[in-house]
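So the structure is just underneath, and the comments pick up after that.
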Amino acid sequence: MNGLPVEVAWLWSGCGACVAAALRAWQVALRPHSADDAWGTRLLALAVALVALGIALRWQRLGHGPFLDMFEILASSLFSLGGLLLLAQTQWPVLRRAAPVSLGVLALMALWLPFTDPVDTFFPPTYETPVLWFHVLMGKLFLGAALAALGLAGAQLLRGHLRFVERLPGPVLLDAMAWRLMQVALLFESLMLIAGALWAQDAWGRWWAWDPLETWAFVTWLALVAALHARRRWATGPRLGALLIVGVFVLAFLTFFGVPFVSVAPHKGAV
Amino acid sequence: MSSHPAFHWTAGARSALLALASLRLTVALLVLLAGVVLWAQADTRVPPWLLALPQALLALNLAAALATHPRLRRGGLAVFHIALLGCLLLLAWGRLTHAEGRVELTQGAAFDAAAVEQLSQGPWHGQRLRRVQFEQGAIEVRYAPGLKRARTLSQVHITDASGTRVDTVGDDHPLRLQGFRFYTTHNKGFAPLLTWTAPGRSPVTGAVHLPSYPLFDWQQQQRWTPPHGPEMRLWLRLQQPLKEDMAWRLQPEQVQASLVVEVAGERFELKPGETASAEFGSLRYERLLGWMGYRIHYDPSLAALWWLACLGVAGLVWHLWPLIFGDSLWARMAWPGCGDGLAQGSEGGGE
C-alpha cells in the first residue's frame, strides 16, 4: 500500500492551519480596535506541527529528507519558516503584532503546496553529505530572517492605512528593527553561498557554475548588499527602506521558489 | 599665492581616491554586476570579461574605501571587507591559473594528458597535467529502480614514490593528484578490447569506446577505422536487456555481450576470444571492458578562497554580534515597551 495519501493529508491539514493563522492575523489587524490575540500564533504552531508530521512520515517512507522537488521544498519551507517565525514571535513579541504580512506569505506557500505533485523523489548520492544540511539550514535561516523583516516592512508600508500598525513601534524604530533582521539575513545568506560552493565542488566538480539557482542566489546577495549600502549612503527613510526590504525579499522568494518551479530540480542539471 | 606642484598632484590623487571610494559608486557597481549576471544568464554569448569588469571595479572601489575610510579598518567590518577584497583577488588568480577538462579512460589504461579535452584554461596554468599518473581500474555504477543513478565506484591505481595504491573515487569523492581533481561523471560505457592485425603487420591491441551507457542503450555502435585497415561498423549485442524497473549494477567486464562486426561487406558476430579473419586482416574480440568519463578541475586558489570566505563571515559575525545581542533595540521588541510610547522613536538606522 502506498503511504502517500496519509502524509499528504497531514501536510494539507498543516497548509489549512497556516492559511487559518494568516486569516486570523488579518482579521485581528483589520479590527478598528484590535487587542493582542494568541489565536494566530496557536494556529501557526498547529500548522508547523502538522507539516512536521507529514514530512516525518514521508521521510520515513522514502528514507530521505525533503530536499528535492517543489512539493518537498514547499513543505520543508512551511515547516522551517513557520517554525522560525513562531520562535521569533516568542522571543520578540512585536513580530506577532507585525505578523499579517509574513503570515500572508506563508499562507501563499500553503495554498501553493496542494497544487504541486507529491511524486516520490530519488535521493542522488551527491546529496549524501552533511554540507547539504548546513547549506539548507543557512538558506532557511536567511529566508526566515528576511521574512520576519518583511513583516515589519509590510507593516511600515501599511502605516496610515490600517490601525494595527499604530500598536507597533514608530517608523524609525521599526525601520531599524527590520534592517537589523536584514543584516542577520545577509550573514546567513553569505554562509549559505559558501556552504553551497563547498558542496558543489565536491559533488559536481565545480564550486560555481552560474546555474539558475546559483545566479539568482548571488543576485539576491548583491541586492541585499546594495540595499544596505544605499541605506547608509542616502539615509533612506522608513518607507523607502521598507520598499527596499520588499524588493530584496521578492528576489529571495523568486530564488527559493521561482527557480525550482521552472527547473526540474533545485540545482537544474546538477543532480 | 602659488602652491607646490607636488601638492596639486597629491590633492588630485586624493580626490580621485575619494571618488573611487565613493559609496554611491559601490551601489552602482553592485547593481551593474547584478544586471550583467542576469544578462549572462539569459544570453550565453555575454563575454566573460563583461562579468569580470564590474568585479574588478568593485575590488578597486573596496581597496580605495579601505584606504580612505578609517571606520572600515576597524573591528569586524575591517575583517569582512579585507577578506572580501582578498576573495576578489583570489578569484582573479584562480581564473589565471585554473584548468577545466574532460577525459575518457578505459579500464586498465593509463591516464594520458594528451587525451584530455580542454574546456578552459587560464594563461598561467602551464603544463602541470603532464605530471599526473594513474591507471583506471574496475568500474561499478549502481542504479536504483527507474534507471536512477546511485553510487559510482571507480577504482584507480596510483603509482608514486611510495609505491602503488588503489583508491576508489566517485560522486563526491574525487581523485586528487598534483592539485588536480578528477570527478566521475554520468558519462561512462562499454569498451570492447580488440586485437587488430593488418595484413603483413604486427598485431595492435586497443579498446573502442561505445556511446555512453545506459543513456544510449539503444545505440551501442561505433564506426572505427583500424590502422592500415578498412572502416568497420561495430555494435554490441547485450545478452540481457536493460531492466528499468529494478535496481541493478553496471559492471562492464561482467556483462555478457557479443560483438557484431561489419567490414568489407561481410558480417561477423564474435563472442569474447573469437576472431574474424578475411582478406582485410583479422580482428579478435578479446573481452568487454568499460570506460569512465572524468571531469578535471584545477584551481590552486580553492583552499585559500574557502578560508578567506570563512574569515569574512567571522568578521561579519564580529561586527553584527553587538548589534544583535548587545543592543537595546531588541529589548524594545518586547510587548510593553514597543507600543505607543515608542511610536515616535528616534533611533537611527545607520549601522
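To be explicit about the labels: the chains of the C-alpha cells are called A, B, and onward in the order shown, and within each one the residues are counted from 1, while ligands get numbers from 1 in the order they are shown.
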
task: Write out as a list in words which residues come within 10 Å of Gln155 (chain B) when counting only C-alpha atoms, dropping same-chain ones fewer than 5 positions away.
output: Gln107, Glu135, Gln136, Gly137, Ala138, Ile139, Glu140, Val166, Asp167, Thr168, Val169, Gly170 and Leu175 of chain B

Could you write those residues out with N, CA and C atoms, as an mmCIF file, in the first residue's frame?
data_model
loop_
_atom_site.group_PDB
_atom_site.id
_atom_site.type_symbol
_atom_site.label_atom_id
_atom_site.label_comp_id
_atom_site.auth_asym_id
_atom_site.auth_seq_id
_atom_site.Cartn_x
_atom_site.Cartn_y
_atom_site.Cartn_z
ATOM 1 N N GLN B 107 39.251 0.900 -18.758
ATOM 2 C CA GLN B 107 39.766 0.030 -17.684
ATOM 3 C C GLN B 107 41.124 -0.524 -18.095
ATOM 4 N N GLU B 135 46.158 4.854 -13.236
ATOM 5 C CA GLU B 135 45.599 3.869 -14.162
ATOM 6 C C GLU B 135 44.168 3.556 -13.756
ATOM 7 N N GLN B 136 43.304 3.416 -14.740
ATOM 8 C CA GLN B 136 41.903 3.134 -14.454
ATOM 9 C C GLN B 136 41.716 1.662 -14.056
ATOM 10 N N GLY B 137 41.017 1.434 -12.960
ATOM 11 C CA GLY B 137 40.710 0.069 -12.527
ATOM 12 C C GLY B 137 39.259 -0.276 -12.809
ATOM 13 N N ALA B 138 38.700 -1.151 -11.960
ATOM 14 C CA ALA B 138 37.327 -1.627 -12.163
ATOM 15 C C ALA B 138 36.316 -0.488 -11.974
ATOM 16 N N ILE B 139 35.218 -0.611 -12.690
ATOM 17 C CA ILE B 139 34.159 0.409 -12.628
ATOM 18 C C ILE B 139 32.866 -0.263 -12.189
ATOM 19 N N GLU B 140 32.181 0.374 -11.251
ATOM 20 C CA GLU B 140 30.857 -0.124 -10.849
ATOM 21 C C GLU B 140 29.938 1.073 -10.641
ATOM 22 N N VAL B 166 45.611 1.657 -4.302
ATOM 23 C CA VAL B 166 44.331 1.664 -5.004
ATOM 24 C C VAL B 166 43.382 2.583 -4.249
ATOM 25 N N ASP B 167 42.729 3.460 -4.982
ATOM 26 C CA ASP B 167 41.755 4.364 -4.380
ATOM 27 C C ASP B 167 40.428 4.181 -5.119
ATOM 28 N N THR B 168 39.328 4.299 -4.395
ATOM 29 C CA THR B 168 38.015 4.237 -5.042
ATOM 30 C C THR B 168 37.403 5.627 -5.010
ATOM 31 N N VAL B 169 37.153 6.157 -6.188
ATOM 32 C CA VAL B 169 36.606 7.513 -6.279
ATOM 33 C C VAL B 169 35.205 7.446 -6.875
ATOM 34 N N GLY B 170 34.503 8.548 -6.775
ATOM 35 C CA GLY B 170 33.155 8.612 -7.343
ATOM 36 C C GLY B 170 32.274 9.574 -6.591
ATOM 37 N N LEU B 175 39.267 12.056 -7.254
ATOM 38 C CA LEU B 175 40.676 11.672 -7.192
ATOM 39 C C LEU B 175 41.485 12.967 -7.185
#

Gly151 (chain A) surroundings by only C-alpha atoms, 9 Å radius, close-in-sequence under 6 positions cut, as a count of residues only: 8

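What separates CA of Gly312 (chain B) from CA of Gly76 (chain B) is a distance of 8.5 Å.
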
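The gap separating CA of Leu57 (chain B) from CA of Trp234 (chain A) is 21.3 Å, in Å to one decimal.
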
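Of note, CA of His69 (chain B) and CA of Leu51 (chain B) are spaced 27.1 Å apart.
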
Give me the residues within 9 Å of region 208-224 of chain A as an mmCIF file with C-alpha atoms, in the first residue's frame, counting only C-alpha atoms and dropping any in the same chain fewer than 6 places off.
data_model
loop_
_atom_site.group_PDB
_atom_site.id
_atom_site.type_symbol
_atom_site.label_atom_id
_atom_site.label_comp_id
_atom_site.auth_asym_id
_atom_site.auth_seq_id
_atom_site.Cartn_x
_atom_site.Cartn_y
_atom_site.Cartn_z
ATOM 1 C CA MET A 182 18.198 42.042 7.123
ATOM 2 C CA GLN A 183 21.796 42.205 8.416
ATOM 3 C CA ALA A 185 19.797 37.631 6.760
ATOM 4 C CA LEU A 186 22.982 38.784 4.981
ATOM 5 C CA GLU A 189 22.900 34.109 3.021
ATOM 6 C CA SER A 190 26.684 34.516 2.885
ATOM 7 C CA LEU A 193 26.509 30.615 -0.581
ATOM 8 C CA GLY A 196 26.723 25.709 -1.372
ATOM 9 C CA ALA A 197 30.008 26.310 -3.179
ATOM 10 C CA ALA A 200 29.053 21.900 -5.422
ATOM 11 C CA GLN A 201 32.839 21.496 -5.615
ATOM 12 C CA LEU A 244 13.976 48.008 -0.396
ATOM 13 C CA ILE A 245 13.302 45.130 2.005
ATOM 14 C CA GLY A 247 12.365 44.200 -3.188
ATOM 15 C CA VAL A 248 15.110 42.017 -1.685
ATOM 16 C CA PHE A 249 12.548 39.594 -0.293
ATOM 17 C CA LEU A 251 14.222 38.366 -5.200
ATOM 18 C CA ALA A 252 14.866 35.851 -2.414
ATOM 19 C CA LEU A 254 11.943 34.035 -6.577
ATOM 20 C CA THR A 255 15.274 32.335 -5.900
ATOM 21 C CA PHE A 256 13.874 29.819 -3.447
ATOM 22 C CA VAL A 259 13.757 28.911 -9.897
ATOM 23 C CA PRO A 260 12.894 25.382 -8.640
ATOM 24 C CA SER A 263 13.524 23.878 -13.391
ATOM 25 C CA PRO A 266 16.727 22.907 -7.217
ATOM 26 C CA HIS A 267 20.070 22.857 -9.000
ATOM 27 C CA LYS A 268 18.963 22.226 -12.546
ATOM 28 C CA GLY A 269 21.158 19.722 -14.344
ATOM 29 C CA ALA A 270 23.460 19.257 -11.414
ATOM 30 C CA LEU B 30 26.737 46.185 -7.276
ATOM 31 C CA VAL B 31 23.649 46.960 -9.367
ATOM 32 C CA LEU B 33 27.181 43.405 -11.550
ATOM 33 C CA ALA B 34 23.696 42.060 -10.773
ATOM 34 C CA GLY B 35 22.495 43.311 -14.155
ATOM 35 C CA VAL B 37 24.939 38.431 -14.158
ATOM 36 C CA LEU B 38 21.254 38.296 -15.112
ATOM 37 C CA GLN B 41 22.077 34.054 -17.508
#

- request: Excluding region 271-273 of chain B and any residue of its chain fewer than 4 positions from it, enumerate the residues within 8 Å of it, using only C-alpha atoms, and give them as a PyMOL selection string.
  value: chain B and resi 257-259+284-288

Contact residues around region 115-121 of chain A with only C-alpha atoms at 7 Å, ignoring same-chain residues under 5 positions, as a PyMOL selection string: chain A and resi 68+70-71

Deliver the residues from the most recent selection as a file, using C-alpha atoms, as a short mmCIF file (atom, residue, chain, number, x, y, z; two decimals), in the first residue's frame.
data_model
loop_
_atom_site.label_atom_id
_atom_site.label_comp_id
_atom_site.auth_asym_id
_atom_site.auth_seq_id
_atom_site.Cartn_x
_atom_site.Cartn_y
_atom_site.Cartn_z
CA LEU A 68 14.43 17.63 -3.97
CA MET A 70 8.87 21.68 -5.44
CA PHE A 71 6.50 19.68 -3.22
#

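Neighbours of Ser80 (chain A) closer than or equal to 7 Å, with only C-alpha atoms counted and sequence neighbours fewer than 4 positions away skipped, come out as Ser76, Leu84 and Lys140 of chain A.
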
Only N, CA and C atoms, please: the residues just picked out, written as a tab-separated table (two decimals), in the first residue's frame.
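Output saved as part18.tsv:
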chain	number	residue	atom	x	y	z
A	76	SER	N	9.08	21.69	3.32
A	76	SER	CA	10.15	21.96	4.29
A	76	SER	C	10.22	23.45	4.62
A	84	LEU	N	10.50	29.14	12.47
A	84	LEU	CA	11.36	30.29	12.78
A	84	LEU	C	10.53	31.51	13.18
A	140	LYS	N	17.47	28.44	5.04
A	140	LYS	CA	16.21	28.62	5.77
A	140	LYS	C	16.33	29.77	6.77

Those in region 40-158 of chain B with strand (DSSP E or B) from DSSP, as an NGL selection string: :B and (99-106 or 110 or 117-121 or 135-144 or 148-158)

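If only C-alpha atoms are the atoms counted, then among A:Pro124, A:Gly154, A:Gly16, A:Gly40 the closest residue to chain B is A:Pro124.
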
message: Excluding Trp204 (chain A) and its own-chain neighbours fewer than 4 positions away, which residues fall within 10 Å of it when counting only C-alpha atoms? Please give them as a PyMOL selection string.
response: (chain A and resi 126+199-200+208-209+270-271) or (chain B and resi 171-174+183-185+295)

Keeping only N, CA and C atoms, write the selected residues as an mmCIF file, in the first residue's frame.
data_model
loop_
_atom_site.group_PDB
_atom_site.id
_atom_site.type_symbol
_atom_site.label_atom_id
_atom_site.label_comp_id
_atom_site.auth_asym_id
_atom_site.auth_seq_id
_atom_site.Cartn_x
_atom_site.Cartn_y
_atom_site.Cartn_z
ATOM 1 N N THR A 126 25.070 12.473 -4.561
ATOM 2 C CA THR A 126 25.741 13.754 -4.334
ATOM 3 C C THR A 126 25.085 14.573 -3.217
ATOM 4 N N TRP A 199 29.800 22.381 -1.280
ATOM 5 C CA TRP A 199 29.057 21.194 -1.680
ATOM 6 C C TRP A 199 29.194 20.963 -3.192
ATOM 7 N N ALA A 200 29.001 22.028 -3.963
ATOM 8 C CA ALA A 200 29.053 21.900 -5.422
ATOM 9 C C ALA A 200 30.434 21.432 -5.889
ATOM 10 N N TRP A 208 31.323 26.834 -8.577
ATOM 11 C CA TRP A 208 30.349 27.820 -9.064
ATOM 12 C C TRP A 208 30.194 27.614 -10.565
ATOM 13 N N ALA A 209 28.955 27.504 -11.024
ATOM 14 C CA ALA A 209 28.756 27.265 -12.462
ATOM 15 C C ALA A 209 27.638 28.126 -13.034
ATOM 16 N N ALA A 270 22.311 19.620 -12.240
ATOM 17 C CA ALA A 270 23.460 19.257 -11.414
ATOM 18 C C ALA A 270 23.269 17.909 -10.727
ATOM 19 N N VAL A 271 22.035 17.438 -10.633
ATOM 20 C CA VAL A 271 21.769 16.178 -9.933
ATOM 21 C C VAL A 271 22.438 15.031 -10.659
ATOM 22 N N ASP B 171 31.279 10.126 -7.308
ATOM 23 C CA ASP B 171 30.314 11.076 -6.735
ATOM 24 C C ASP B 171 31.024 12.241 -6.054
ATOM 25 N N ASP B 172 30.909 12.330 -4.714
ATOM 26 C CA ASP B 172 31.511 13.489 -4.048
ATOM 27 C C ASP B 172 32.908 13.193 -3.525
ATOM 28 N N HIS B 173 33.528 12.149 -4.037
ATOM 29 C CA HIS B 173 34.891 11.808 -3.606
ATOM 30 C C HIS B 173 35.799 11.777 -4.839
ATOM 31 N N PRO B 174 36.387 12.933 -5.184
ATOM 32 C CA PRO B 174 37.210 12.961 -6.399
ATOM 33 C C PRO B 174 38.605 12.387 -6.166
ATOM 34 N N TYR B 183 36.769 14.081 -11.256
ATOM 35 C CA TYR B 183 35.429 13.710 -10.811
ATOM 36 C C TYR B 183 34.808 12.737 -11.807
ATOM 37 N N THR B 184 34.248 11.643 -11.290
ATOM 38 C CA THR B 184 33.497 10.762 -12.181
ATOM 39 C C THR B 184 32.255 11.516 -12.661
ATOM 40 N N THR B 185 31.753 11.126 -13.828
ATOM 41 C CA THR B 185 30.567 11.785 -14.373
ATOM 42 C C THR B 185 29.518 10.731 -14.732
ATOM 43 N N ARG B 295 35.608 14.480 -15.242
ATOM 44 C CA ARG B 295 35.717 15.927 -15.359
ATOM 45 C C ARG B 295 36.938 16.340 -14.546
#

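Among the candidates A:Trp39, A:Trp10, A:Trp59, A:Phe188, the residue lying nearest to Arg96 (chain A) is A:Trp39 (atoms considered: only C-alpha atoms).
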
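With distances restricted to only C-alpha atoms, B:His186 is the closest residue to chain A from B:His209, B:Arg74, B:His186, B:Arg130.
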
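Every residue of region 149-258 of chain B with a DSSP assignment of helix (DSSP H, G or I), taken from the backbone, is listed as Asp217, Trp218, Gln219, Pro252, Glu253 and Gln254 of chain B.
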
Go ahead and write the selection's residues with C-alpha atoms as a PDB file, in the first residue's frame.
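Here's the written file result-v8.pdb:
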ATOM      1  CA  ASP B 217      21.494   1.810 -24.643  1.00  0.00           C
ATOM      2  CA  TRP B 218      19.689   1.659 -27.991  1.00  0.00           C
ATOM      3  CA  GLN B 219      22.724   2.903 -29.879  1.00  0.00           C
ATOM      4  CA  PRO B 252      31.103  -3.634 -17.719  1.00  0.00           C
ATOM      5  CA  GLU B 253      33.587  -6.515 -17.529  1.00  0.00           C
ATOM      6  CA  GLN B 254      30.890  -8.810 -16.149  1.00  0.00           C
TER       7      GLN B 254
END

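Using only C-alpha atoms, the shortest contact distance between Tyr143 (chain B) and any of A:Gly160, A:Pro130, A:Pro125, A:Gly170 is found at A:Pro125.
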
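Using only C-alpha atoms, the nearest neighbour of chain B within the list A:Ala226, A:Val6, A:Leu181, A:Leu11 is A:Ala226.
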